[in-house]
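Taking it in order: structure first as structure tokens, then the write-up.
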Amino acid sequence: MNKIWLDWVIAAGVAASLVVAGHPASPLGYALLAAGGLALVARRTAPIAVLAATGLAALGYQALGYDVPVIAFLFAVYSTMRAGHRVVTAAGSVVMLGLLPLAALVSPRDLTTAEAFAQSRDVLQIAWLIAAAAAGEALRQAEQRADEAERTREETALRRANEERLHIARELHDSLTHQISVIKLQAEVAVHLAQKRGEEVPESLLAIRDAGREAARELRATLEALRDDDKNPPHGIDDVPALVQRARSTGLDAQLTIEGERNDVPAAVERTAYRIVQESLTNVARHAAAATARVRIDYRPDALVIQVDDDGRATPDAAPKPGVGLLGMRERVTALGGRLDAAPRTGGGFTVQAELPVAQP
């Protein structure tokens with residue numbers, strides 16, 4: 001807003017100075033002198049058009065016999081050079097220097113050729129023209145250096161943040177891997193001893209063993225992803241049936257329904273869909289005390305819809321407090337421009353529904 005007001009002040013000041021210096025005796029002369037200055041209002045948004053407008057106005061009032069310096073044209077030269085239009089600025093300046101003597105020759109004052117060239121030198125000094133162009137170029141380069149310095153600072157900060165994230169991920173990986181390895185080892189030993197004794201292995205024990213294996217693999221895959229390594233590709237929709245199957249192994253009646261025609265789904269959408277189902281089923285097992293869970297994946301032309309319903313103890317009057325998992329799901333969905341609804345169902349239980357936009361192929 002301040003720049004707009006500054007442009008108006010400059011334009012009005014230049015227009016006023018041209019009118020005062022020219023003492024126009026005709027409406028046309030007054031209009032050309034004023035227009036030459038007021039055109040500078042648009043010098044930031046349309047510098048080339050302003051260069052042409054100020055040049056034509058200057059030629060017009062010179063042809064009418066007003067011996068007034070072309071101040072507005074110098075401002076326009078500065079603006080076009082600052083905007084980076086070097087060739088246009090040079091070409092416009094050369095054309096202006098060539099046409100000014102002709103405008104003076106056709107003026108009503110009957111000047112000789114020498115007088116016309118002398119007048120053109122008076123109203124547009126080459127030194128001032130070069131100075132205006134040089135000032136615009138110098139400021140443009142200064143702004144470029146400032147922008148480059150800012151980008152460098154941002155890139156450095158981003159690189160340091162990424163390095164810190166990777167460091168944290170490694171520390172977290174080492175800590176969690178140790179704990180999960182202990183759980184997995186104990187479960188595998190228990191399964192082995194039970195099988196060795198010919199006893200039936202409890203489903204819960206098998207689920208603990210399989211969950212430990214999966215958690216260890218997930219940690220490795222996550223760390224490799226942070227290292228930009230594609231050796232362990234992330235999970236996607238094709239891995240959702242395995243999630244549902246593991247949920248069944250814990251005693252939950254989990255069912256998966258897939259509707260619609262599957263088209264190309266971006267990898268980010270696939271990863272988010274998998275995480276939503278994974279987190280939803282984890283919450284059902286941990287907190288819902290549910291007997292059934294229904295997972296539905298609906299492929300639509302413009303979106304992928306994931307819905308997970310359970311028949312747990314959640315009610316509209318006793319809604320569970322959102323945890324880290326739900327907040328993480330919401331962040332993932334929001335980052336993709338989607339929508340997430342997670343709330344207790346009217347008849348009891350909880351529902352999670354996410355709509356993820358899918359770009360048209």
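Chain labels follow the order of the structure tokens: the first chain is A, the next B, and so on; residue numbering restarts at 1 in every chain, and ligands are counted from 1 in their shown order.
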*asked:* I'd like the contact shell of Ala16 in chain A - 10 Å cut-off, only C-alpha atoms, skipping same-chain residues fewer than 5 positions apart - returned as a VMD selection string.
replied: chain A and resid 10 to 11 21 to 22 33 to 34 37 to 38
Print the selection's residues with C-alpha atoms to a file, as a PDB file, in the first residue's frame.
ATOM      1  CA  ILE A  10       5.679  10.823  -7.716  1.00  0.00           C
ATOM      2  CA  ALA A  11       3.281  10.786 -10.665  1.00  0.00           C
ATOM      3  CA  ALA A  21       7.195  24.355 -16.692  1.00  0.00           C
ATOM      4  CA  GLY A  22       5.208  24.183 -19.925  1.00  0.00           C
ATOM      5  CA  LEU A  33       1.949  17.330 -20.117  1.00  0.00           C
ATOM      6  CA  ALA A  34      -0.282  15.991 -17.341  1.00  0.00           C
ATOM      7  CA  GLY A  37       3.474  12.503 -15.538  1.00  0.00           C
ATOM      8  CA  LEU A  38       0.367  10.620 -14.398  1.00  0.00           C
TER       9      LEU A  38
END
*For Trp128 in chain A, list every protein, DNA or RNA residue within 12 Å, evaluated using only C-alpha atoms, and leave out those in the same chain fewer than 6 positions away; present the list as a list in words.*
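In the requested format, the answer is Pro69, Val70, Ile71, Phe73, Leu74, Phe75, Val77, Tyr78, Ser93, Arg121, Asp122, Ala134 and Ala135 of chain A.
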Residue subset to file, keeping all heavy atoms, as a compact mmCIF listing (two decimals), in the first residue's frame:
# COMPACT_ATOMS: atom_id res chain seq x y z
N PRO A 69 11.68 19.65 -20.35
CA PRO A 69 12.47 18.42 -20.19
C PRO A 69 11.55 17.20 -20.01
O PRO A 69 10.52 17.27 -19.34
CB PRO A 69 13.30 18.67 -18.94
CG PRO A 69 13.37 20.17 -18.84
CD PRO A 69 12.07 20.67 -19.36
N VAL A 70 11.98 16.09 -20.60
CA VAL A 70 11.15 14.87 -20.56
C VAL A 70 11.45 14.10 -19.26
O VAL A 70 12.00 12.99 -19.26
CB VAL A 70 11.40 13.99 -21.80
CG1 VAL A 70 10.83 14.67 -23.03
CG2 VAL A 70 12.89 13.73 -22.00
N ILE A 71 11.04 14.70 -18.15
CA ILE A 71 11.33 14.11 -16.84
C ILE A 71 10.64 12.76 -16.68
O ILE A 71 11.21 11.79 -16.16
CB ILE A 71 10.90 15.07 -15.72
CG1 ILE A 71 11.58 16.43 -15.90
CG2 ILE A 71 11.20 14.48 -14.35
CD1 ILE A 71 11.07 17.48 -14.94
N PHE A 73 9.83 10.58 -18.86
CA PHE A 73 10.48 9.53 -19.63
C PHE A 73 11.71 9.00 -18.88
O PHE A 73 12.00 7.80 -18.92
CB PHE A 73 10.87 10.05 -21.01
CG PHE A 73 11.47 9.00 -21.90
CD1 PHE A 73 10.67 8.05 -22.50
CD2 PHE A 73 12.84 8.96 -22.14
CE1 PHE A 73 11.21 7.06 -23.31
CE2 PHE A 73 13.39 7.99 -22.95
CZ PHE A 73 12.58 7.04 -23.54
N LEU A 74 12.43 9.86 -18.20
CA LEU A 74 13.59 9.41 -17.42
C LEU A 74 13.16 8.48 -16.28
O LEU A 74 13.82 7.47 -16.00
CB LEU A 74 14.35 10.62 -16.86
CG LEU A 74 15.05 11.51 -17.88
CD1 LEU A 74 15.68 12.70 -17.20
CD2 LEU A 74 16.10 10.72 -18.66
N PHE A 75 12.05 8.83 -15.61
CA PHE A 75 11.52 7.93 -14.58
C PHE A 75 11.14 6.59 -15.19
O PHE A 75 11.36 5.53 -14.58
CB PHE A 75 10.29 8.56 -13.92
CG PHE A 75 10.62 9.45 -12.76
CD1 PHE A 75 10.78 10.81 -12.93
CD2 PHE A 75 10.77 8.92 -11.49
CE1 PHE A 75 11.09 11.64 -11.86
CE2 PHE A 75 11.07 9.74 -10.40
CZ PHE A 75 11.24 11.11 -10.59
N VAL A 77 12.44 5.19 -17.88
CA VAL A 77 13.67 4.46 -18.20
C VAL A 77 14.21 3.76 -16.96
O VAL A 77 14.62 2.59 -16.99
CB VAL A 77 14.72 5.43 -18.79
CG1 VAL A 77 16.10 4.78 -18.83
CG2 VAL A 77 14.30 5.85 -20.19
N TYR A 78 14.21 4.48 -15.86
CA TYR A 78 14.67 3.89 -14.59
C TYR A 78 13.82 2.68 -14.22
O TYR A 78 14.34 1.63 -13.82
CB TYR A 78 14.59 4.96 -13.50
CG TYR A 78 14.59 4.41 -12.09
CD1 TYR A 78 15.79 4.04 -11.47
CD2 TYR A 78 13.39 4.26 -11.39
CE1 TYR A 78 15.78 3.53 -10.18
CE2 TYR A 78 13.39 3.75 -10.11
CZ TYR A 78 14.58 3.39 -9.51
OH TYR A 78 14.57 2.88 -8.25
N SER A 93 15.08 4.20 -25.71
CA SER A 93 15.90 5.42 -25.54
C SER A 93 16.47 5.88 -26.89
O SER A 93 16.48 7.09 -27.18
CB SER A 93 17.05 5.13 -24.56
OG SER A 93 16.53 4.76 -23.29
N ARG A 121 18.67 18.15 -27.28
CA ARG A 121 19.70 17.89 -26.28
C ARG A 121 19.34 18.56 -24.95
O ARG A 121 19.67 18.05 -23.88
CB ARG A 121 21.07 18.42 -26.76
CG ARG A 121 21.70 17.56 -27.84
CD ARG A 121 23.16 17.91 -28.01
NE ARG A 121 23.35 19.31 -28.38
CZ ARG A 121 23.39 19.76 -29.63
NH1 ARG A 121 23.24 18.90 -30.64
NH2 ARG A 121 23.58 21.05 -29.89
N ASP A 122 18.65 19.69 -25.01
CA ASP A 122 18.26 20.39 -23.79
C ASP A 122 17.19 19.62 -23.02
O ASP A 122 17.23 19.54 -21.78
CB ASP A 122 17.75 21.80 -24.12
CG ASP A 122 18.87 22.70 -24.63
OD1 ASP A 122 20.05 22.39 -24.33
OD2 ASP A 122 18.56 23.68 -25.33
N ALA A 134 21.32 3.51 -15.44
CA ALA A 134 22.29 2.92 -14.52
C ALA A 134 21.72 2.76 -13.12
O ALA A 134 21.96 1.76 -12.44
CB ALA A 134 23.55 3.78 -14.48
N ALA A 135 20.94 3.74 -12.67
CA ALA A 135 20.33 3.66 -11.35
C ALA A 135 19.34 2.49 -11.28
O ALA A 135 19.31 1.74 -10.30
CB ALA A 135 19.62 4.96 -11.02
*Excluding Ala207 in chain A and residues on its chain fewer than 3 positions from it, collect all residues at most 7 Å away from it, counting only C-alpha atoms, and give them as a count of residues only.*
6
*Hey, can you check how far CA of Ala63 in chain A sits from CA of Val87 in chain A?*
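Answer for the CA of Ala63 in chain A to CA of Val87 in chain A separation: 26.6 Å.
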*Of the candidates A:Gln62, A:Thr272, A:Gln278, A:Asn283, which one gets nearest to Leu336 in chain A if we count only C-alpha atoms?*
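The closest residue to Leu336 in chain A is A:Thr272.
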*Could you check how far CA of Arg159 in chain A sits from CA of Gln144 in chain A, in Å to one decimal?*
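Result for CA of Arg159 in chain A versus CA of Gln144 in chain A: 22.1 Å, one decimal.
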*as a ChimeraX atom specification, list the residues of range 253-291 of chain A assigned to helix (DSSP H, G or I) by DSSP on the backbone atoms of this structure.*
/A:267-288
Go ahead and write the selection's residues with C-alpha atoms as a PDB file, in the first residue's frame.
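Generated file (result.pdb):
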ATOM      1  CA  ALA A 267       1.993 -42.211  -3.911  1.00  0.00           C
ATOM      2  CA  ALA A 268       1.395 -39.604  -1.198  1.00  0.00           C
ATOM      3  CA  VAL A 269      -2.336 -40.399  -1.214  1.00  0.00           C
ATOM      4  CA  GLU A 270      -1.623 -44.133  -1.011  1.00  0.00           C
ATOM      5  CA  ARG A 271       0.697 -43.673   1.965  1.00  0.00           C
ATOM      6  CA  THR A 272      -1.843 -41.485   3.744  1.00  0.00           C
ATOM      7  CA  ALA A 273      -4.670 -43.962   3.083  1.00  0.00           C
ATOM      8  CA  TYR A 274      -2.604 -46.782   4.572  1.00  0.00           C
ATOM      9  CA  ARG A 275      -1.714 -44.740   7.656  1.00  0.00           C
ATOM     10  CA  ILE A 276      -5.353 -43.778   8.225  1.00  0.00           C
ATOM     11  CA  VAL A 277      -6.471 -47.410   8.175  1.00  0.00           C
ATOM     12  CA  GLN A 278      -3.500 -48.466  10.310  1.00  0.00           C
ATOM     13  CA  GLU A 279      -4.066 -45.795  12.947  1.00  0.00           C
ATOM     14  CA  SER A 280      -7.827 -46.331  12.981  1.00  0.00           C
ATOM     15  CA  LEU A 281      -7.494 -50.082  13.530  1.00  0.00           C
ATOM     16  CA  THR A 282      -4.849 -49.490  16.185  1.00  0.00           C
ATOM     17  CA  ASN A 283      -7.192 -47.136  18.034  1.00  0.00           C
ATOM     18  CA  VAL A 284     -10.007 -49.691  17.779  1.00  0.00           C
ATOM     19  CA  ALA A 285      -7.800 -52.371  19.318  1.00  0.00           C
ATOM     20  CA  ARG A 286      -6.445 -50.133  22.075  1.00  0.00           C
ATOM     21  CA  HIS A 287      -9.309 -47.936  23.138  1.00  0.00           C
ATOM     22  CA  ALA A 288     -12.638 -48.840  21.602  1.00  0.00           C
TER      23      ALA A 288
END
*Would you mind listing what lies within 12 Å of Leu6 in chain A as a PyMOL selection string, with only C-alpha atoms counted and same-chain residues fewer than 2 positions away left out?*
chain A and resi 1-4+8-13+40-44
_Neighbour list for Leu252 in chain A as JSON, numbers by chain, cut-off 6 Å, only C-alpha atoms, skip fewer than 4 positions in-chain_ = {"A": [247, 248, 291, 292]}
File of the preceding selection, N, CA, C and O atoms, as a compact mmCIF listing (two decimals), in the first residue's frame:
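Result written to selection-v2.txt:
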# COMPACT_ATOMS: atom_id res chain seq x y z
N ALA A 247 -5.54 -57.39 12.12
CA ALA A 247 -6.57 -57.01 13.09
C ALA A 247 -7.45 -58.20 13.45
O ALA A 247 -7.86 -58.38 14.60
N ARG A 248 -7.73 -59.06 12.47
CA ARG A 248 -8.54 -60.24 12.74
C ARG A 248 -7.81 -61.20 13.68
O ARG A 248 -8.43 -61.88 14.50
N ALA A 291 -16.09 -55.02 18.99
CA ALA A 291 -16.10 -56.40 18.50
C ALA A 291 -15.93 -56.44 16.99
O ALA A 291 -15.42 -57.43 16.45
N THR A 292 -16.38 -55.40 16.31
CA THR A 292 -16.30 -55.39 14.85
C THR A 292 -15.69 -54.08 14.36
O THR A 292 -15.78 -53.04 15.04
*Considering only C-alpha atoms, return as a ChimeraX atom specification whatever protein or nucleic-acid residues lie within 12 Å of range 104-117 of chain A, sequence-local ones (same chain, fewer than 6 positions apart) excluded.*
/A:58-68,97-98,123-125
Residue subset to file, keeping N, CA and C atoms, as a compact mmCIF listing (two decimals), in the first residue's frame:
# COMPACT_ATOMS: atom_id res chain seq x y z
N ALA A 58 5.78 12.92 -24.42
CA ALA A 58 6.88 13.88 -24.56
C ALA A 58 7.03 14.33 -26.01
N LEU A 59 6.95 13.39 -26.94
CA LEU A 59 7.03 13.77 -28.37
C LEU A 59 5.86 14.66 -28.75
N GLY A 60 4.69 14.36 -28.15
CA GLY A 60 3.50 15.16 -28.47
C GLY A 60 3.64 16.60 -28.03
N TYR A 61 4.04 16.82 -26.76
CA TYR A 61 4.12 18.22 -26.33
C TYR A 61 5.34 18.93 -26.89
N GLN A 62 6.39 18.19 -27.31
CA GLN A 62 7.49 18.84 -28.01
C GLN A 62 7.04 19.28 -29.40
N ALA A 63 6.21 18.45 -30.04
CA ALA A 63 5.70 18.82 -31.37
C ALA A 63 4.76 20.02 -31.29
N LEU A 64 4.11 20.22 -30.14
CA LEU A 64 3.24 21.38 -29.98
C LEU A 64 4.02 22.65 -29.63
N GLY A 65 5.31 22.51 -29.40
CA GLY A 65 6.15 23.68 -29.14
C GLY A 65 6.47 23.91 -27.68
N TYR A 66 6.20 22.96 -26.79
CA TYR A 66 6.50 23.13 -25.37
C TYR A 66 7.90 22.57 -25.09
N ASP A 67 8.82 23.49 -24.82
CA ASP A 67 10.22 23.12 -24.59
C ASP A 67 10.39 22.74 -23.12
N VAL A 68 9.97 21.52 -22.79
CA VAL A 68 9.96 21.05 -21.41
C VAL A 68 10.79 19.77 -21.33
N LEU A 97 15.69 9.43 -28.69
CA LEU A 97 16.74 10.38 -29.09
C LEU A 97 16.63 10.72 -30.57
N GLY A 98 16.18 9.76 -31.38
CA GLY A 98 16.06 10.02 -32.81
C GLY A 98 14.83 10.83 -33.18
N VAL A 123 16.22 19.06 -23.72
CA VAL A 123 15.11 18.40 -23.05
C VAL A 123 15.45 16.96 -22.65
N LEU A 124 16.47 16.36 -23.27
CA LEU A 124 16.85 14.99 -22.90
C LEU A 124 18.37 14.86 -22.99
N GLN A 125 19.01 15.16 -21.91
CA GLN A 125 20.46 15.03 -21.86
C GLN A 125 20.83 13.53 -21.82
